[in-house]
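Have a look at upload39.pdb below; it lists PDB, C-alpha atoms (C1' of nucleotides).
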```pdb
ATOM      1  CA  MET K   1      29.130  40.830  -6.828
ATOM      2  CA  GLY K   2      27.141  37.784  -5.739
ATOM      3  CA  LEU K   3      28.533  35.846  -8.664
ATOM      4  CA  THR K   4      30.441  32.645  -8.032
ATOM      5  CA  LYS K   5      33.805  32.631  -9.795
ATOM      6  CA  THR K   6      33.425  29.202 -11.347
ATOM      7  CA  GLU K   7      36.433  29.669 -13.611
ATOM      8  CA  LYS K   8      38.726  29.517 -10.607
ATOM      9  CA  PHE K   9      37.719  25.963  -9.810
ATOM     10  CA  THR K  10      37.788  22.528 -11.413
ATOM     11  CA  ALA K  11      34.805  21.065 -13.221
ATOM     12  CA  GLU K  12      34.462  18.508 -10.444
ATOM     13  CA  GLN K  13      34.379  21.160  -7.728
ATOM     14  CA  ASN K  14      31.743  23.114  -9.606
ATOM     15  CA  GLN K  15      29.653  20.006 -10.210
ATOM     16  CA  VAL K  16      29.840  18.983  -6.569
ATOM     17  CA  ALA K  17      28.780  22.474  -5.531
ATOM     18  CA  GLN K  18      25.915  22.458  -8.026
ATOM     19  CA  MET K  19      24.546  19.147  -6.761
ATOM     20  CA  ALA K  20      24.978  20.150  -3.140
ATOM     21  CA  LYS K  21      23.073  23.334  -3.886
ATOM     22  CA  ALA K  22      20.172  21.269  -5.203
ATOM     23  CA  LEU K  23      20.019  19.540  -1.805
ATOM     24  CA  ALA K  24      20.554  22.774   0.097
ATOM     25  CA  HIS K  25      16.920  23.558   0.793
ATOM     26  CA  PRO K  26      14.653  21.601   3.137
ATOM     27  CA  ALA K  27      11.736  21.777   0.704
ATOM     28  CA  ARG K  28      13.805  20.091  -1.982
ATOM     29  CA  VAL K  29      14.995  17.459   0.480
ATOM     30  CA  ALA K  30      11.372  16.869   1.463
ATOM     31  CA  ILE K  31      10.304  16.586  -2.170
ATOM     32  CA  LEU K  32      13.000  14.034  -2.916
ATOM     33  CA  GLN K  33      12.180  12.002   0.183
ATOM     34  CA  TYR K  34       8.536  12.017  -0.773
ATOM     35  CA  LEU K  35       9.248  10.886  -4.312
ATOM     36  CA  PHE K  36      11.293   8.009  -2.924
ATOM     37  CA  SER K  37       8.706   7.131  -0.276
ATOM     38  CA  ILE K  38       5.961   6.583  -2.820
ATOM     39  CA  ASP K  39       6.524   3.431  -4.767
ATOM     40  CA  SER K  40       5.494   5.033  -8.016
ATOM     41  CA  CYS K  41       5.553   8.352  -9.786
ATOM     42  CA  VAL K  42       3.778  11.162  -8.045
ATOM     43  CA  CYS K  43       1.110  12.791 -10.137
ATOM     44  CA  GLY K  44      -0.171  15.989  -8.653
ATOM     45  CA  ASP K  45      -0.226  15.927  -4.903
ATOM     46  CA  ILE K  46       3.237  17.290  -4.206
ATOM     47  CA  VAL K  47       1.865  20.718  -3.294
ATOM     48  CA  ASN K  48      -0.457  19.179  -0.685
ATOM     49  CA  GLU K  49       2.372  17.125   0.752
ATOM     50  CA  ILE K  50       4.851  19.974   1.237
ATOM     51  CA  GLY K  51       3.349  22.988   3.003
ATOM     52  CA  LEU K  52       4.307  25.682   0.525
ATOM     53  CA  ALA K  53       2.393  27.543  -2.145
ATOM     54  CA  GLN K  54       2.066  26.041  -5.592
ATOM     55  CA  PRO K  55       4.354  28.474  -7.414
ATOM     56  CA  THR K  56       7.042  27.891  -4.802
ATOM     57  CA  ILE K  57       6.872  24.117  -5.179
ATOM     58  CA  SER K  58       6.857  24.492  -8.933
ATOM     59  CA  GLN K  59      10.066  26.472  -8.708
ATOM     60  CA  HIS K  60      11.787  23.910  -6.497
ATOM     61  CA  LEU K  61      10.702  21.142  -8.860
ATOM     62  CA  LYS K  62      12.178  23.118 -11.723
ATOM     63  CA  GLU K  63      15.510  23.372  -9.938
ATOM     64  CA  LEU K  64      15.582  19.665  -9.167
ATOM     65  CA  LYS K  65      14.731  18.955 -12.781
ATOM     66  CA  SER K  66      17.376  21.328 -14.094
ATOM     67  CA  VAL K  67      20.144  19.410 -12.300
ATOM     68  CA  GLY K  68      18.576  16.155 -13.474
ATOM     69  CA  LEU K  69      17.653  14.599 -10.143
ATOM     70  CA  ILE K  70      13.998  14.278 -11.093
ATOM     71  CA  LYS K  71      12.033  14.079 -14.294
ATOM     72  CA  GLY K  72       8.457  15.003 -15.054
ATOM     73  CA  SER K  73       6.083  13.835 -17.706
ATOM     74  CA  VAL K  74       2.766  15.428 -18.576
ATOM     75  CA  GLU K  75      -0.138  13.084 -17.930
ATOM     76  CA  GLY K  76      -3.287  14.848 -18.939
ATOM     77  CA  THR K  77      -3.801  17.891 -16.737
ATOM     78  CA  THR K  78      -1.415  16.630 -14.090
ATOM     79  CA  VAL K  79       2.345  16.203 -14.270
ATOM     80  CA  CYS K  80       3.936  13.037 -12.973
ATOM     81  CA  TYR K  81       7.259  13.423 -11.231
ATOM     82  CA  CYS K  82       9.764  10.814 -10.264
ATOM     83  CA  ILE K  83      13.406  10.355  -9.409
ATOM     84  CA  ASP K  84      15.815  10.065 -12.302
ATOM     85  CA  HIS K  85      17.635   7.020 -11.004
ATOM     86  CA  GLU K  86      20.470   7.221 -13.485
ATOM     87  CA  ASN K  87      21.300  10.820 -12.643
ATOM     88  CA  TRP K  88      20.776  10.152  -8.960
ATOM     89  CA  SER K  89      23.462   7.539  -9.231
ATOM     90  CA  SER K  90      25.779  10.006 -10.957
ATOM     91  CA  MET K  91      25.140  12.484  -8.171
ATOM     92  CA  LYS K  92      26.116   9.867  -5.611
ATOM     93  CA  ASN K  93      29.288   9.100  -7.530
ATOM     94  CA  LEU K  94      30.093  12.784  -7.507
ATOM     95  CA  LEU K  95      29.404  13.460  -3.828
ATOM     96  CA  SER K  96      30.578  10.198  -2.267
ATOM     97  CA  PRO K  97      34.299  10.821  -2.889
ATOM     98  CA  ILE K  98      33.949  14.162  -1.125
ATOM     99  CA  LEU K  99      32.103  12.698   1.844
ATOM    100  CA  ASN K 100      34.624   9.885   2.079
ATOM    101  CA  LEU K 101      37.708  12.090   1.966
ATOM    102  CA  ASP K 102      38.148  11.330   5.651
ATOM    103  CA  THR K 103      38.647   7.632   4.914
ATOM    104  CA  VAL K 104      41.576   8.374   2.591
ATOM    105  CA  THR K 105      43.672  10.481   4.907
ATOM    106  CA  LEU K 106      43.504   9.770   8.594
ATOM    107  CA  ASN K 107      44.995  13.079   9.606
ATOM    108  CA  ASN K 108      44.303  13.858  13.220
ATOM    109  CA  CYS K 109      46.695  16.651  14.061
ATOM    110  CA  CYS K 110      44.232  18.920  15.827
TER
ATOM    111  CA  MET W   1      10.742  37.013   0.898
ATOM    112  CA  GLY W   2      14.060  35.177   0.604
ATOM    113  CA  LEU W   3      13.524  33.501   3.955
ATOM    114  CA  THR W   4      13.404  29.719   4.108
ATOM    115  CA  LYS W   5      10.364  28.470   6.031
ATOM    116  CA  THR W   6      12.243  26.069   8.266
ATOM    117  CA  GLU W   7       9.250  25.521  10.528
ATOM    118  CA  LYS W   8       7.502  23.635   7.754
ATOM    119  CA  PHE W   9      10.131  20.911   7.707
ATOM    120  CA  THR W  10      11.609  18.323  10.025
ATOM    121  CA  ALA W  11      14.834  18.908  11.952
ATOM    122  CA  GLU W  12      16.516  16.303   9.801
ATOM    123  CA  GLN W  13      15.479  17.974   6.572
ATOM    124  CA  ASN W  14      16.748  21.319   7.820
ATOM    125  CA  GLN W  15      20.034  19.817   8.965
ATOM    126  CA  VAL W  16      20.567  18.042   5.658
ATOM    127  CA  ALA W  17      19.896  21.296   3.830
ATOM    128  CA  GLN W  18      22.274  23.193   6.099
ATOM    129  CA  MET W  19      25.124  20.757   5.524
ATOM    130  CA  ALA W  20      24.469  20.601   1.803
ATOM    131  CA  LYS W  21      24.582  24.385   1.706
ATOM    132  CA  ALA W  22      28.037  24.313   3.273
ATOM    133  CA  LEU W  23      29.179  22.163   0.331
ATOM    134  CA  ALA W  24      27.278  24.253  -2.194
ATOM    135  CA  HIS W  25      30.131  26.497  -3.244
ATOM    136  CA  PRO W  26      33.190  25.375  -5.232
ATOM    137  CA  ALA W  27      35.518  27.443  -3.071
ATOM    138  CA  ARG W  28      34.376  25.620   0.039
ATOM    139  CA  VAL W  29      34.713  22.278  -1.719
ATOM    140  CA  ALA W  30      38.224  23.277  -2.759
ATOM    141  CA  ILE W  31      39.105  24.367   0.778
ATOM    142  CA  LEU W  32      37.899  21.074   2.224
ATOM    143  CA  GLN W  33      39.758  19.047  -0.403
ATOM    144  CA  TYR W  34      42.896  21.022   0.316
ATOM    145  CA  LEU W  35      42.619  20.503   4.055
ATOM    146  CA  PHE W  36      42.277  16.769   3.451
ATOM    147  CA  SER W  37      45.106  16.669   0.906
ATOM    148  CA  ILE W  38      47.644  18.100   3.326
ATOM    149  CA  ASP W  39      48.586  15.584   5.957
ATOM    150  CA  SER W  40      48.538  18.178   8.705
ATOM    151  CA  CYS W  41      46.790  21.351   9.707
ATOM    152  CA  VAL W  42      47.075  24.204   7.256
ATOM    153  CA  CYS W  43      48.506  27.349   8.756
ATOM    154  CA  GLY W  44      48.192  30.356   6.527
ATOM    155  CA  ASP W  45      48.456  29.441   2.894
ATOM    156  CA  ILE W  46      44.805  28.785   2.141
ATOM    157  CA  VAL W  47      44.412  32.136   0.424
ATOM    158  CA  ASN W  48      47.329  31.382  -1.922
ATOM    159  CA  GLU W  49      45.907  27.968  -2.705
ATOM    160  CA  ILE W  50      42.396  29.095  -3.642
ATOM    161  CA  GLY W  51      42.370  31.982  -6.096
ATOM    162  CA  LEU W  52      40.115  34.381  -4.225
ATOM    163  CA  ALA W  53      40.749  37.474  -2.146
ATOM    164  CA  GLN W  54      41.590  37.101   1.518
ATOM    165  CA  PRO W  55      38.303  38.489   2.905
ATOM    166  CA  THR W  56      36.380  36.134   0.648
ATOM    167  CA  ILE W  57      38.308  33.088   1.843
ATOM    168  CA  SER W  58      37.942  34.244   5.414
ATOM    169  CA  GLN W  59      34.192  34.356   4.935
ATOM    170  CA  HIS W  60      34.044  30.851   3.450
ATOM    171  CA  LEU W  61      36.183  29.546   6.305
ATOM    172  CA  LYS W  62      33.790  31.147   8.749
ATOM    173  CA  GLU W  63      30.848  29.369   7.154
ATOM    174  CA  LEU W  64      32.596  26.014   7.220
ATOM    175  CA  LYS W  65      33.485  26.612  10.852
ATOM    176  CA  SER W  66      29.950  27.677  11.753
ATOM    177  CA  VAL W  67      28.554  24.322  10.596
ATOM    178  CA  GLY W  68      31.413  22.558  12.360
ATOM    179  CA  LEU W  69      33.150  20.955   9.395
ATOM    180  CA  ILE W  70      36.467  22.633  10.196
ATOM    181  CA  LYS W  71      38.114  24.132  13.232
ATOM    182  CA  GLY W  72      40.778  26.800  13.525
ATOM    183  CA  SER W  73      43.283  27.546  16.223
ATOM    184  CA  VAL W  74      45.401  30.671  16.488
ATOM    185  CA  GLU W  75      49.111  29.929  16.192
ATOM    186  CA  GLY W  76      51.001  33.174  16.553
ATOM    187  CA  THR W  77      50.105  35.470  13.665
ATOM    188  CA  THR W  78      48.719  32.657  11.582
ATOM    189  CA  VAL W  79      45.627  30.565  12.126
ATOM    190  CA  CYS W  80      45.782  26.814  11.659
ATOM    191  CA  TYR W  81      42.777  25.145  10.090
ATOM    192  CA  CYS W  82      41.865  21.520   9.884
ATOM    193  CA  ILE W  83      38.947  19.193   9.380
ATOM    194  CA  ASP W  84      36.814  18.439  12.424
ATOM    195  CA  HIS W  85      36.753  14.693  11.929
ATOM    196  CA  GLU W  86      34.031  14.058  14.452
ATOM    197  CA  ASN W  87      31.626  16.536  12.904
ATOM    198  CA  TRP W  88      32.610  15.409   9.437
ATOM    199  CA  SER W  89      31.483  11.959  10.430
ATOM    200  CA  SER W  90      28.174  13.334  11.694
ATOM    201  CA  MET W  91      27.706  15.135   8.404
ATOM    202  CA  LYS W  92      28.242  11.869   6.536
ATOM    203  CA  ASN W  93      25.720  10.121   8.761
ATOM    204  CA  LEU W  94      23.276  12.868   7.971
ATOM    205  CA  LEU W  95      23.754  12.956   4.192
ATOM    206  CA  SER W  96      24.363   9.281   3.470
ATOM    207  CA  PRO W  97      20.772   8.178   4.143
ATOM    208  CA  ILE W  98      19.592  10.779   1.660
ATOM    209  CA  LEU W  99      22.073   9.781  -1.005
ATOM    210  CA  ASN W 100      21.208   6.116  -0.476
ATOM    211  CA  LEU W 101      17.448   6.539  -0.686
ATOM    212  CA  ASP W 102      17.648   4.865  -4.070
ATOM    213  CA  THR W 103      18.920   1.651  -2.517
ATOM    214  CA  VAL W 104      15.860   1.412  -0.259
ATOM    215  CA  THR W 105      13.141   1.685  -2.868
ATOM    216  CA  LEU W 106      13.817   0.343  -6.324
ATOM    217  CA  ASN W 107      11.025   2.246  -7.963
ATOM    218  CA  ASN W 108      11.480   2.423 -11.683
ATOM    219  CA  CYS W 109       8.116   3.450 -13.009
ATOM    220  CA  CYS W 110       9.276   6.191 -15.400
TER
ATOM    221  C1'  DA L   1      58.473  51.805  20.111
ATOM    222  C1'  DT L   2      57.932  51.036  15.320
ATOM    223  C1'  DT L   3      57.051  48.318  11.635
ATOM    224  C1'  DA L   4      55.584  44.301   9.174
ATOM    225  C1'  DT L   5      52.444  40.315   8.760
ATOM    226  C1'  DT L   6      48.315  37.738   9.196
ATOM    227  C1'  DG L   7      43.622  37.169   9.220
ATOM    228  C1'  DA L   8      39.056  38.896  10.910
ATOM    229  C1'  DT L   9      35.576  42.421  10.318
ATOM    230  C1'  DC L  10      33.096  46.284   8.129
ATOM    231  C1'  DG L  11      30.926  48.347   4.376
ATOM    232  C1'  DT L  12      29.244  48.072   0.014
ATOM    233  C1'  DA L  13      27.872  46.465  -4.661
ATOM    234  C1'  DA L  14      26.116  42.950  -7.543
ATOM    235  C1'  DT L  15      23.634  38.951  -8.013
ATOM    236  C1'  DA L  16      20.916  34.903  -6.299
ATOM    237  C1'  DT L  17      17.351  32.772  -3.648
ATOM    238  C1'  DT L  18      12.964  32.230  -1.486
ATOM    239  C1'  DG L  19       8.137  32.897  -1.449
ATOM    240  C1'  DC L  20       3.704  34.057  -3.103
ATOM    241  C1'  DA L  21      -0.281  36.637  -5.536
ATOM    242  C1'  DA L  22      -1.781  37.064 -10.003
ATOM    243  C1'  DT L  23      -1.888  35.390 -14.354
ATOM    244  C1'  DT L  24      -1.350  32.270 -18.116
ATOM    245  C1'  DA L  25      -1.273  27.861 -20.720
ATOM    246  C1'  DA L  26      -2.964  23.408 -21.575
ATOM    247  C1'  DA L  27      -5.810  19.719 -21.064
ATOM    248  C1'  DT L  28     -10.199  17.763 -19.494
ATOM    249  C1'  DA L  29     -15.200  17.910 -18.372
ATOM    250  C1'  DA L  30     -19.630  19.922 -18.744
TER
ATOM    251  C1'  DT I   1     -18.176  26.370 -26.511
ATOM    252  C1'  DT I   2     -17.553  27.156 -21.770
ATOM    253  C1'  DA I   3     -16.151  26.012 -17.400
ATOM    254  C1'  DT I   4     -12.820  23.552 -14.506
ATOM    255  C1'  DT I   5      -8.509  21.808 -13.111
ATOM    256  C1'  DT I   6      -3.580  21.590 -12.884
ATOM    257  C1'  DA I   7       0.829  23.354 -13.093
ATOM    258  C1'  DA I   8       4.022  26.721 -15.249
ATOM    259  C1'  DT I   9       5.217  31.541 -15.636
ATOM    260  C1'  DT I  10       5.432  36.425 -14.430
ATOM    261  C1'  DG I  11       6.265  40.068 -11.366
ATOM    262  C1'  DC I  12       7.568  41.608  -7.196
ATOM    263  C1'  DA I  13       9.341  42.058  -2.304
ATOM    264  C1'  DA I  14      12.369  40.461   1.200
ATOM    265  C1'  DT I  15      16.405  38.330   2.363
ATOM    266  C1'  DA I  16      20.815  35.782   1.422
ATOM    267  C1'  DT I  17      25.088  35.055  -0.901
ATOM    268  C1'  DT I  18      29.324  36.202  -3.105
ATOM    269  C1'  DA I  19      33.163  39.119  -3.628
ATOM    270  C1'  DC I  20      36.437  42.543  -2.421
ATOM    271  C1'  DG I  21      38.564  47.173  -0.890
ATOM    272  C1'  DA I  22      39.488  49.233   3.314
ATOM    273  C1'  DT I  23      40.274  48.866   7.879
ATOM    274  C1'  DC I  24      41.265  46.843  12.355
ATOM    275  C1'  DA I  25      43.292  43.794  15.966
ATOM    276  C1'  DA I  26      46.868  40.849  17.388
ATOM    277  C1'  DT I  27      51.204  39.049  17.188
ATOM    278  C1'  DA I  28      56.068  38.940  15.564
ATOM    279  C1'  DA I  29      60.228  41.100  14.058
ATOM    280  C1'  DT I  30      63.383  44.926  13.907
TER
END
```
Write the structure described by the file as structure tokens, please.
Amino acid sequence: MGLTKTEKFTAEQNQVAQMAKALAHPARVAILQYLFSIDSCVCGDIVNEIGLAQPTISQHLKELKSVGLIKGSVEGTTVCYCIDHENWSSMKNLLSPILNLDTVTLNNCC
Amino acid sequence: MGLTKTEKFTAEQNQVAQMAKALAHPARVAILQYLFSIDSCVCGDIVNEIGLAQPTISQHLKELKSVGLIKGSVEGTTVCYCIDHENWSSMKNLLSPILNLDTVTLNNCC
DNA sequence: ATTATTGATCGTAATATTGCAATTAAATAA
DNA sequence: TTATTTAATTGCAATATTACGATCAATAAT
């Protein structure tokens, strides 16, 4: 199979899973950290920064863009990437309630 | 290939990715939510709660256990599962800095 | 002892992901 | 026009993930 049965779950659960999946690769984590570390949009040098081949980086960027965490704008021959702050905020609002589930119930039976 | 090049990234980046991957399936999100929603350990009825076959659930539980987010203890014929609060806290400490990267730099160039 | 019951494991099929070489597309520079 | 540069796309191989039927191991019940 290999096909997630999304219809069995709530929209929220699927969205959480989708966002978590975007963060579920070290290269994508590294890309996001790099974009945050630079105090401006990054035009070009992402491939040099992360140690993977250009098509691989391009694919990871595409995934991050498809879930909305980053956005890219063509600037001549280069493409400038940066964090989509609005969507990043939405992602936080989606994941935070999951991470903080332990503050709601203080179950400690085990 | 299909093999993540972990050696190219920091331990932190790999750990973040590993934890995110554990949350990257709606069934696992649903399992975790369910374990939190019940105010005690869940013995048995996880399969009934999530709408997937027993071997599938068993596999997801195994993954959650392998990253330490839950723990299970045999109780007769049933197995009782619950959140590992200590490791859950570690997971939060790992992911929170990533989620809050936008509060550190207020870059808004795009 | 025999028969459920529960949940892990095995085996397998279908699909997804990761990675890169080769190529292509698009814009700039000569 | 003809390079050159940059990044997306294509095609492919290797591996991982998801799902479940079938089976197995362990305990409980009869």
Taking the file as shown, what set of residues would the PyMOL selection byres ((chain L) within 9 of (chain K)) give back, as a PDB file with C-alpha atoms (C1' of nucleotides), in the frame of the given file?
```pdb
ATOM      1  C1'  DA L  13      27.872  46.465  -4.661  1.00  0.00           C
ATOM      2  C1'  DA L  14      26.116  42.950  -7.543  1.00  0.00           C
ATOM      3  C1'  DT L  15      23.634  38.951  -8.013  1.00  0.00           C
ATOM      4  C1'  DA L  16      20.916  34.903  -6.299  1.00  0.00           C
ATOM      5  C1'  DT L  18      12.964  32.230  -1.486  1.00  0.00           C
ATOM      6  C1'  DG L  19       8.137  32.897  -1.449  1.00  0.00           C
ATOM      7  C1'  DC L  20       3.704  34.057  -3.103  1.00  0.00           C
ATOM      8  C1'  DA L  26      -2.964  23.408 -21.575  1.00  0.00           C
ATOM      9  C1'  DA L  27      -5.810  19.719 -21.064  1.00  0.00           C
ATOM     10  C1'  DT L  28     -10.199  17.763 -19.494  1.00  0.00           C
TER      11       DT L  28
END
```
(message) Rounded to one decimal, what separation in Å do you get between CA of Glu63 (chain W) and CA of Phe36 (chain W)?
(response) 17.4 Å
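Applying a distance limit of 7 Å to only C-alpha atoms, the residues of chain K near chain W read K:Lys8, K:Phe9, K:Gln13, K:Asn14, K:Ala17, K:Gln18, K:Ala20, K:Lys21, K:Leu23, K:Ala24, K:His25, K:Pro26, K:Val29, K:Ala30, K:Phe36, K:Asp39, K:Ser40, K:Cys41, K:Gly51, K:Cys82, K:Lys92, K:Leu99, K:Leu101, K:Thr105, K:Asn107, K:Cys109, K:Cys110.
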Can those selected residues be exported to a file as a tab-separated table (two decimals), in the coordinates of the input so that it contains C-alpha atoms?
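Writing the result to result.tsv gives the following:
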```
chain	number	residue	atom	x	y	z
K	8	LYS	CA	38.73	29.52	-10.61
K	9	PHE	CA	37.72	25.96	-9.81
K	13	GLN	CA	34.38	21.16	-7.73
K	14	ASN	CA	31.74	23.11	-9.61
K	17	ALA	CA	28.78	22.47	-5.53
K	18	GLN	CA	25.92	22.46	-8.03
K	20	ALA	CA	24.98	20.15	-3.14
K	21	LYS	CA	23.07	23.33	-3.89
K	23	LEU	CA	20.02	19.54	-1.80
K	24	ALA	CA	20.55	22.77	0.10
K	25	HIS	CA	16.92	23.56	0.79
K	26	PRO	CA	14.65	21.60	3.14
K	29	VAL	CA	15.00	17.46	0.48
K	30	ALA	CA	11.37	16.87	1.46
K	36	PHE	CA	11.29	8.01	-2.92
K	39	ASP	CA	6.52	3.43	-4.77
K	40	SER	CA	5.49	5.03	-8.02
K	41	CYS	CA	5.55	8.35	-9.79
K	51	GLY	CA	3.35	22.99	3.00
K	82	CYS	CA	9.76	10.81	-10.26
K	92	LYS	CA	26.12	9.87	-5.61
K	99	LEU	CA	32.10	12.70	1.84
K	101	LEU	CA	37.71	12.09	1.97
K	105	THR	CA	43.67	10.48	4.91
K	107	ASN	CA	45.00	13.08	9.61
K	109	CYS	CA	46.70	16.65	14.06
K	110	CYS	CA	44.23	18.92	15.83
```
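Nearest residue to chain K, choosing from I:DT9, I:DT1, I:DT18, I:DT23 and counting only C-alpha atoms (C1' of nucleotides): I:DT18.
Here, the PyMOL selection byres ((chain I and resi 8) around 8) matches Ser58 of chain K; DA25 of chain L; DA7 and DT9 of chain I.
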Go ahead and save the picked residues with C-alpha atoms (C1' of nucleotides), as a PDB file, in the frame of the given file.
```pdb
ATOM      1  CA  SER K  58       6.857  24.492  -8.933  1.00  0.00           C
TER       2      SER K  58
ATOM      3  C1'  DA L  25      -1.273  27.861 -20.720  1.00  0.00           C
TER       4       DA L  25
ATOM      5  C1'  DA I   7       0.829  23.354 -13.093  1.00  0.00           C
ATOM      6  C1'  DT I   9       5.217  31.541 -15.636  1.00  0.00           C
TER       7       DT I   9
END
```
(request) Rounded to one decimal place, report the CA of Cys43 (chain W)-C1' of DT2 (chain L) distance in Å. (result) 26.3 Å
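As for C1' of DT17 (chain L) and C1' of DT15 (chain I), they are spaced 8.2 Å apart.
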(request) To verify the selection step, state as a list in words which residues the PyMOL selection byres ((chain I) within 12 of (chain W)) yields on this input. (result) DC12, DA13, DA14, DT15, DA16, DT17, DT18, DA19, DC20, DG21, DA22, DT23, DA25, DA26, DT27, DA28 and DA29 of chain I
Same residues, C-alpha atoms (C1' of nucleotides), saved as a PDB file, keeping the file's coordinate frame:
```
ATOM      1  C1'  DC I  12       7.568  41.608  -7.196  1.00  0.00           C
ATOM      2  C1'  DA I  13       9.341  42.058  -2.304  1.00  0.00           C
ATOM      3  C1'  DA I  14      12.369  40.461   1.200  1.00  0.00           C
ATOM      4  C1'  DT I  15      16.405  38.330   2.363  1.00  0.00           C
ATOM      5  C1'  DA I  16      20.815  35.782   1.422  1.00  0.00           C
ATOM      6  C1'  DT I  17      25.088  35.055  -0.901  1.00  0.00           C
ATOM      7  C1'  DT I  18      29.324  36.202  -3.105  1.00  0.00           C
ATOM      8  C1'  DA I  19      33.163  39.119  -3.628  1.00  0.00           C
ATOM      9  C1'  DC I  20      36.437  42.543  -2.421  1.00  0.00           C
ATOM     10  C1'  DG I  21      38.564  47.173  -0.890  1.00  0.00           C
ATOM     11  C1'  DA I  22      39.488  49.233   3.314  1.00  0.00           C
ATOM     12  C1'  DT I  23      40.274  48.866   7.879  1.00  0.00           C
ATOM     13  C1'  DA I  25      43.292  43.794  15.966  1.00  0.00           C
ATOM     14  C1'  DA I  26      46.868  40.849  17.388  1.00  0.00           C
ATOM     15  C1'  DT I  27      51.204  39.049  17.188  1.00  0.00           C
ATOM     16  C1'  DA I  28      56.068  38.940  15.564  1.00  0.00           C
ATOM     17  C1'  DA I  29      60.228  41.100  14.058  1.00  0.00           C
TER      18       DA I  29
END
```
